[in-house]
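Asker: Got a file for you: structure-v2.txt, compact mmCIF, C-alpha atoms and all ligand atoms.
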# COMPACT_ATOMS: atom_id res chain seq x y z
CA MET A 1 13.09 5.78 -16.61
CA HIS A 2 9.66 7.19 -15.86
CA LEU A 3 8.66 7.52 -12.25
CA ILE A 4 5.16 6.25 -11.54
CA ARG A 5 2.77 5.81 -8.64
CA LEU A 6 0.42 2.86 -8.36
CA VAL A 7 -2.27 2.77 -5.67
CA TYR A 8 -4.28 -0.39 -5.18
CA ALA A 9 -6.57 -1.97 -2.62
CA SER A 10 -7.14 -5.61 -1.77
CA LYS A 11 -9.15 -7.71 0.65
CA VAL A 12 -8.15 -10.13 3.39
CA GLU A 13 -10.45 -13.06 4.16
CA TYR A 14 -9.27 -13.64 7.75
CA ASP A 15 -7.72 -11.40 10.40
CA LEU A 16 -3.98 -11.18 9.90
CA GLU A 17 -1.60 -11.52 12.86
CA GLU A 18 1.17 -9.04 13.57
CA ALA A 19 3.59 -11.76 12.44
CA ASP A 20 1.92 -11.84 8.99
CA ILE A 21 2.32 -8.08 8.62
CA ASN A 22 5.93 -8.22 9.81
CA ALA A 23 6.72 -10.94 7.27
CA ILE A 24 5.29 -8.78 4.49
CA LEU A 25 7.22 -5.71 5.67
CA ASN A 26 10.49 -7.59 6.02
CA ALA A 27 10.24 -8.96 2.48
CA SER A 28 9.20 -5.52 1.21
CA LYS A 29 12.08 -3.72 2.85
CA GLN A 30 14.67 -6.01 1.30
CA ASN A 31 13.12 -6.28 -2.18
CA ASN A 32 12.03 -2.65 -2.50
CA LEU A 33 15.42 -1.28 -1.47
CA GLU A 34 17.02 -3.36 -4.22
CA LYS A 35 14.57 -1.98 -6.80
CA ASN A 36 14.50 1.59 -5.47
CA ILE A 37 10.77 1.27 -4.83
CA THR A 38 9.20 3.32 -2.05
CA GLY A 39 5.69 3.52 -0.66
CA ALA A 40 3.24 2.99 2.13
CA LEU A 41 0.99 0.13 3.18
CA CYS A 42 -2.12 0.51 5.28
CA TYR A 43 -4.02 -2.43 6.79
CA SER A 44 -7.40 -1.93 8.43
CA ASN A 45 -10.89 -3.43 8.43
CA ARG A 46 -9.56 -6.42 6.46
CA PHE A 47 -8.47 -4.18 3.58
CA PHE A 48 -4.99 -3.42 2.34
CA LEU A 49 -4.33 -0.06 0.71
CA GLN A 50 -0.87 0.33 -0.76
CA CYS A 51 1.00 2.96 -2.73
CA LEU A 52 4.04 1.90 -4.76
CA GLU A 53 6.42 4.47 -6.26
CA GLY A 54 9.33 3.80 -8.58
CA SER A 55 10.29 3.13 -12.16
CA ARG A 56 7.39 1.99 -14.32
CA LEU A 57 8.83 -1.43 -15.14
CA ASP A 58 9.81 -2.21 -11.56
CA VAL A 59 6.50 -1.08 -10.06
CA ASN A 60 4.52 -3.01 -12.68
CA ALA A 61 6.57 -6.16 -12.01
CA LEU A 62 6.21 -5.80 -8.23
CA TYR A 63 2.45 -5.33 -8.48
CA HIS A 64 2.12 -8.53 -10.51
CA HIS A 65 4.28 -10.34 -7.94
CA ILE A 66 2.12 -9.06 -5.05
CA LEU A 67 -1.05 -10.15 -6.89
CA ALA A 68 0.11 -13.77 -6.58
CA ASP A 69 0.29 -13.54 -2.78
CA GLY A 70 -2.30 -15.79 -1.13
CA ARG A 71 -2.66 -13.50 1.89
CA HIS A 72 -4.97 -11.18 -0.03
CA SER A 73 -7.34 -11.20 -3.01
CA GLN A 74 -9.71 -9.04 -5.09
CA SER A 75 -6.96 -6.54 -5.79
CA ALA A 76 -8.04 -3.45 -7.73
CA ILE A 77 -5.83 -0.69 -9.11
CA LEU A 78 -7.25 2.62 -7.91
CA GLN A 79 -4.71 5.01 -9.37
CA TYR A 80 -1.82 4.73 -11.82
CA SER A 81 0.03 7.93 -12.76
CA GLU A 82 3.30 9.33 -13.92
CA ILE A 83 4.72 11.51 -11.15
CA ASP A 84 7.45 14.14 -10.92
CA GLN A 85 8.58 13.19 -7.44
CA ARG A 86 8.00 10.61 -4.74
CA GLU A 87 5.79 11.24 -1.72
CA PHE A 88 7.01 8.34 0.44
CA ASP A 89 10.70 8.62 -0.40
CA ASP A 90 11.79 7.99 3.20
CA TRP A 91 10.25 4.49 3.27
CA SER A 92 11.00 1.36 1.27
CA MET A 93 7.56 0.40 2.64
CA GLY A 94 6.15 2.49 5.47
CA TYR A 95 3.47 0.74 7.49
CA ILE A 96 0.30 2.45 8.74
CA PRO A 97 -1.32 0.28 11.43
CA PRO A 98 -5.10 -0.04 11.97
CA ALA A 99 -4.94 2.05 15.17
CA LEU A 100 -4.25 5.19 13.12
CA VAL A 101 -7.23 4.71 10.78
CA SER A 102 -9.94 6.71 12.54
CA GLY A 103 -13.49 7.21 11.31
CA GLN A 104 -13.03 10.96 11.51
CA LEU A 105 -10.09 10.90 9.10
CA ILE A 106 -11.78 8.40 6.77
CA SER A 107 -14.83 10.70 6.60
CA LYS A 108 -12.62 13.49 5.29
CA PHE A 109 -11.90 11.45 2.15
CA SER A 110 -14.92 9.15 1.89
CA GLY A 111 -18.71 9.29 1.95
CA LYS A 112 -18.75 6.93 4.93
CA ALA A 113 -16.69 6.53 8.09
CA ASP A 114 -15.78 2.84 7.56
CA PHE A 115 -12.48 2.14 5.87
CA ASP A 116 -13.43 0.70 2.47
CA PRO A 117 -11.00 1.80 -0.27
CA TYR A 118 -13.16 0.20 -3.00
CA SER A 119 -15.81 2.84 -2.33
CA MET A 120 -13.34 5.72 -2.64
CA SER A 121 -11.75 7.45 -5.62
CA GLY A 122 -8.11 6.72 -6.37
CA GLU A 123 -7.15 10.29 -5.57
CA SER A 124 -8.99 10.16 -2.22
CA CYS A 125 -7.19 6.93 -1.36
CA TYR A 126 -3.84 8.50 -2.20
CA LEU A 127 -4.63 11.63 -0.16
CA LEU A 128 -5.79 9.45 2.74
CA LEU A 129 -2.50 7.53 2.68
CA LYS A 130 -0.60 10.83 2.75
CA ALA A 131 -2.69 12.07 5.68
CA LEU A 132 -2.25 8.79 7.57
CA ALA A 133 1.49 8.80 6.94
CA SER A 134 1.75 12.27 8.43
CA LEU A 135 0.27 10.87 11.68
CA GLY A 136 2.94 8.24 12.05
CA ILE A 137 4.47 5.50 10.02
CA THR A 138 6.63 2.56 10.96
CA GLU A 139 9.03 0.48 8.96
CA SER A 140 10.30 -2.87 10.22
P1 LIG B 201 8.45 -16.53 -1.22
O1 LIG B 201 8.43 -16.48 0.27
O2 LIG B 201 9.34 -17.49 -1.94
O3 LIG B 201 6.95 -16.66 -1.77
C1 LIG B 201 6.55 -17.42 -2.90
C2 LIG B 201 5.08 -17.09 -3.21
O4 LIG B 201 4.24 -17.39 -2.08
C3 LIG B 201 4.88 -15.62 -3.52
O5 LIG B 201 3.88 -15.50 -4.51
C4 LIG B 201 4.39 -15.07 -2.20
O6 LIG B 201 3.62 -13.91 -2.41
C5 LIG B 201 3.57 -16.22 -1.65
N1 LIG B 201 3.55 -16.23 -0.17
C6 LIG B 201 4.58 -16.00 0.65
N2 LIG B 201 4.18 -16.11 1.93
C7 LIG B 201 2.86 -16.44 1.90
C8 LIG B 201 1.88 -16.70 2.90
N3 LIG B 201 2.16 -16.65 4.20
N4 LIG B 201 0.64 -16.99 2.50
C9 LIG B 201 0.32 -17.04 1.20
N5 LIG B 201 1.20 -16.80 0.19
C10 LIG B 201 2.46 -16.51 0.54
N6 LIG B 201 6.72 -7.69 -1.28
C11 LIG B 201 7.62 -6.79 -1.71
O7 LIG B 201 8.74 -7.18 -2.07
N7 LIG B 201 7.33 -5.46 -1.75
C12 LIG B 201 6.12 -4.96 -1.40
O8 LIG B 201 5.93 -3.74 -1.43
C13 LIG B 201 5.13 -5.89 -0.96
N8 LIG B 201 3.90 -5.48 -0.60
C14 LIG B 201 2.95 -6.40 -0.25
C15 LIG B 201 1.66 -5.97 0.04
C16 LIG B 201 0.67 -6.89 0.37
C17 LIG B 201 -0.72 -6.41 0.66
C18 LIG B 201 0.98 -8.26 0.44
C19 LIG B 201 -0.07 -9.27 0.81
C20 LIG B 201 2.27 -8.71 0.17
C21 LIG B 201 3.26 -7.79 -0.18
N9 LIG B 201 4.56 -8.18 -0.47
C22 LIG B 201 5.48 -7.27 -0.91
C23 LIG B 201 4.97 -9.57 -0.27
C24 LIG B 201 5.07 -10.30 -1.61
O9 LIG B 201 3.78 -10.67 -2.04
C25 LIG B 201 5.96 -11.54 -1.44
O10 LIG B 201 5.47 -12.37 -0.42
C26 LIG B 201 7.38 -11.16 -1.12
O11 LIG B 201 7.86 -10.20 -2.06
C27 LIG B 201 8.32 -12.37 -1.12
O12 LIG B 201 8.23 -12.96 -2.40
P2 LIG B 201 9.14 -14.22 -2.77
O13 LIG B 201 8.69 -14.79 -4.08
O14 LIG B 201 10.59 -13.86 -2.64
O15 LIG B 201 8.81 -15.10 -1.52
How does the structure come out when it is put into structure tokens?
Ligand code: FAD
Answerer:
Amino acid sequence: MHLIRLVYASKVEYDLEEADINAILNASKQNNLEKNITGALCYSNRFFLQCLEGSRLDVNALYHHILADGRHSQSAILQYSEIDQREFDDWSMGYIPPALVSGQLISKFSGKADFDPYSMSGESCYLLLKALASLGITES
């Protein structure tokens, strides 16, 4: 079964509470472990940026499931590629909190210092997630 990586961004219309994020992470941990899906989720500036890694069919199905979630909208796939190995293999869904998303780091991968994944290339978004994950990642 081919291993693939899907990176997407989406928008949140109202500020999410910690409890909302925890609910998402708890569901992710359970479901992703069952499907052998790994990845990272970043939430900042009312944007989600998520990387999903796993078998093509399972990642595709999960993405369609996540699309139906009313907590976000305007989802856009930024990168979809076959990969040889996972980057976030230690996390069924590692969480990168807003506090880690600094303007200085964003500027390394984007033309502006505000976190806005829609204005970045898919590869830059993926590299940003990797850089953020190296700073610290939590999993509920
Ligand atoms: P149920 O609780 O039965 O949900 C039924 C439907 O309602 C689903 O479409 C669900 O998305 C939606 N829903 C649930 N809670 C709310 C709410 N508070 N407000 C609005 N709609 C709601 N799940 C994973 O398994 N793996 C992931 O990697 C993952 N990543 C996510 C990333 C983002 C940015 C978001 C917003 C959600 C993510 N989720 C993920 C959660 C996913 O969308 C489902 O809520 C979760 O998988 C439980 O689905 P269910 O059908 O079993 O749950």
Asker: Taking a cut-off of 7 Å and counting only C-alpha atoms and all ligand atoms, can you build a table that, for each residue of chain A near ligand LIG 201 (chain B), reports the nearest atom pair and how far apart they are in Å (one decimal), sorted by chain then residue number, as CSV?
Answerer:
residue,atom,partner,partner_atom,distance
A:Ser10,CA,B:LIG201,C17,6.9
A:Asp20,CA,B:LIG201,N3,6.8
A:Ile24,CA,B:LIG201,C23,4.8
A:Leu25,CA,B:LIG201,C13,7.0
A:Ala27,CA,B:LIG201,C26,5.1
A:Ser28,CA,B:LIG201,N7,3.5
A:Lys29,CA,B:LIG201,N7,6.8
A:Gln30,CA,B:LIG201,O7,6.9
A:Asn31,CA,B:LIG201,O7,4.5
A:Asn32,CA,B:LIG201,N7,5.5
A:Leu41,CA,B:LIG201,C15,6.9
A:Phe48,CA,B:LIG201,C17,5.5
A:Gln50,CA,B:LIG201,C15,6.8
A:Leu52,CA,B:LIG201,O8,6.8
A:Leu62,CA,B:LIG201,N7,6.6
A:His65,CA,B:LIG201,O9,5.9
A:Ile66,CA,B:LIG201,O9,3.8
A:Leu67,CA,B:LIG201,O9,6.9
A:Ala68,CA,B:LIG201,O5,4.6
A:Asp69,CA,B:LIG201,O6,3.4
A:Gly70,CA,B:LIG201,C9,3.7
A:Arg71,CA,B:LIG201,C9,4.7
A:His72,CA,B:LIG201,C19,5.3
A:Met93,CA,B:LIG201,O8,6.0
Asker: Please list as an MDAnalysis selection string every residue within 10 Å of region 104-117 of chain A, counting only C-alpha atoms and excluding residues in the same chain fewer than 3 positions away.
Answerer: chainID A and resid 8:11 43:49 76 78 98 100:101 120:128 131:132
Asker: In Å, how far is it from CA of Ser73 (chain A) to CA of Val12 (chain A)?
Answerer: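 Value for the CA of Ser73 (chain A)-CA of Val12 (chain A) distance: 6.5 Å.
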Asker: What's the separation between CA of Cys42 (chain A) and CA of Met1 (chain A), in Å to one decimal place?
Answerer: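 The value is 27.2 Å.
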Asker: Which value, in Å to one decimal, gives the distance between CA of Ser81 (chain A) and CA of His64 (chain A)?
Answerer: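 Separation between CA of Ser81 (chain A) and CA of His64 (chain A): 16.7 Å.
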Asker: Which of these residues is nearest to Ile4 (chain A), using all atoms listed in the file: A:Ala99, A:Ile83, A:Leu135, A:Ile37?
Answerer: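 Going through A:Ala99, A:Ile83, A:Leu135, A:Ile37 one by one, the smallest distance to Ile4 (chain A) is for A:Ile83.
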Asker: With distances taken over all atoms listed in the file, which of A:Ala61, A:Gln74, A:Ser55, A:Asn36 is nearest to Asp90 (chain A)?
Answerer: A:Asn36
Asker: Under the rule that only C-alpha atoms are counted, which of A:Thr38, A:Asn60, A:Gln79, A:Thr138 is the nearest residue to Tyr95 (chain A)?
Answerer: A:Thr138
Asker: For Ile21 (chain A), which of A:Val59, A:Asp84, A:Pro97, A:Gly103 is the closest residue, counting only C-alpha atoms?
Answerer: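 Among the listed residues, the smallest separation from Ile21 (chain A) belongs to A:Pro97.
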Asker: Could you check which of A:Ile96, A:Ile137, A:Ile77, A:Leu129 is closest to Leu6 (chain A), using only C-alpha atoms?
Answerer: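 Of A:Ile96, A:Ile137, A:Ile77, A:Leu129, the one nearest Leu6 (chain A) is A:Ile77, counting only C-alpha atoms.
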Asker: From the set A:Ser119, A:Val7, A:Leu16, A:Ala133, which residue has the shortest atom-to-atom contact distance to Tyr63 (chain A), counting all atoms listed in the file?
Answerer: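 Ranking A:Ser119, A:Val7, A:Leu16, A:Ala133 by distance to Tyr63 (chain A), first place goes to A:Val7.
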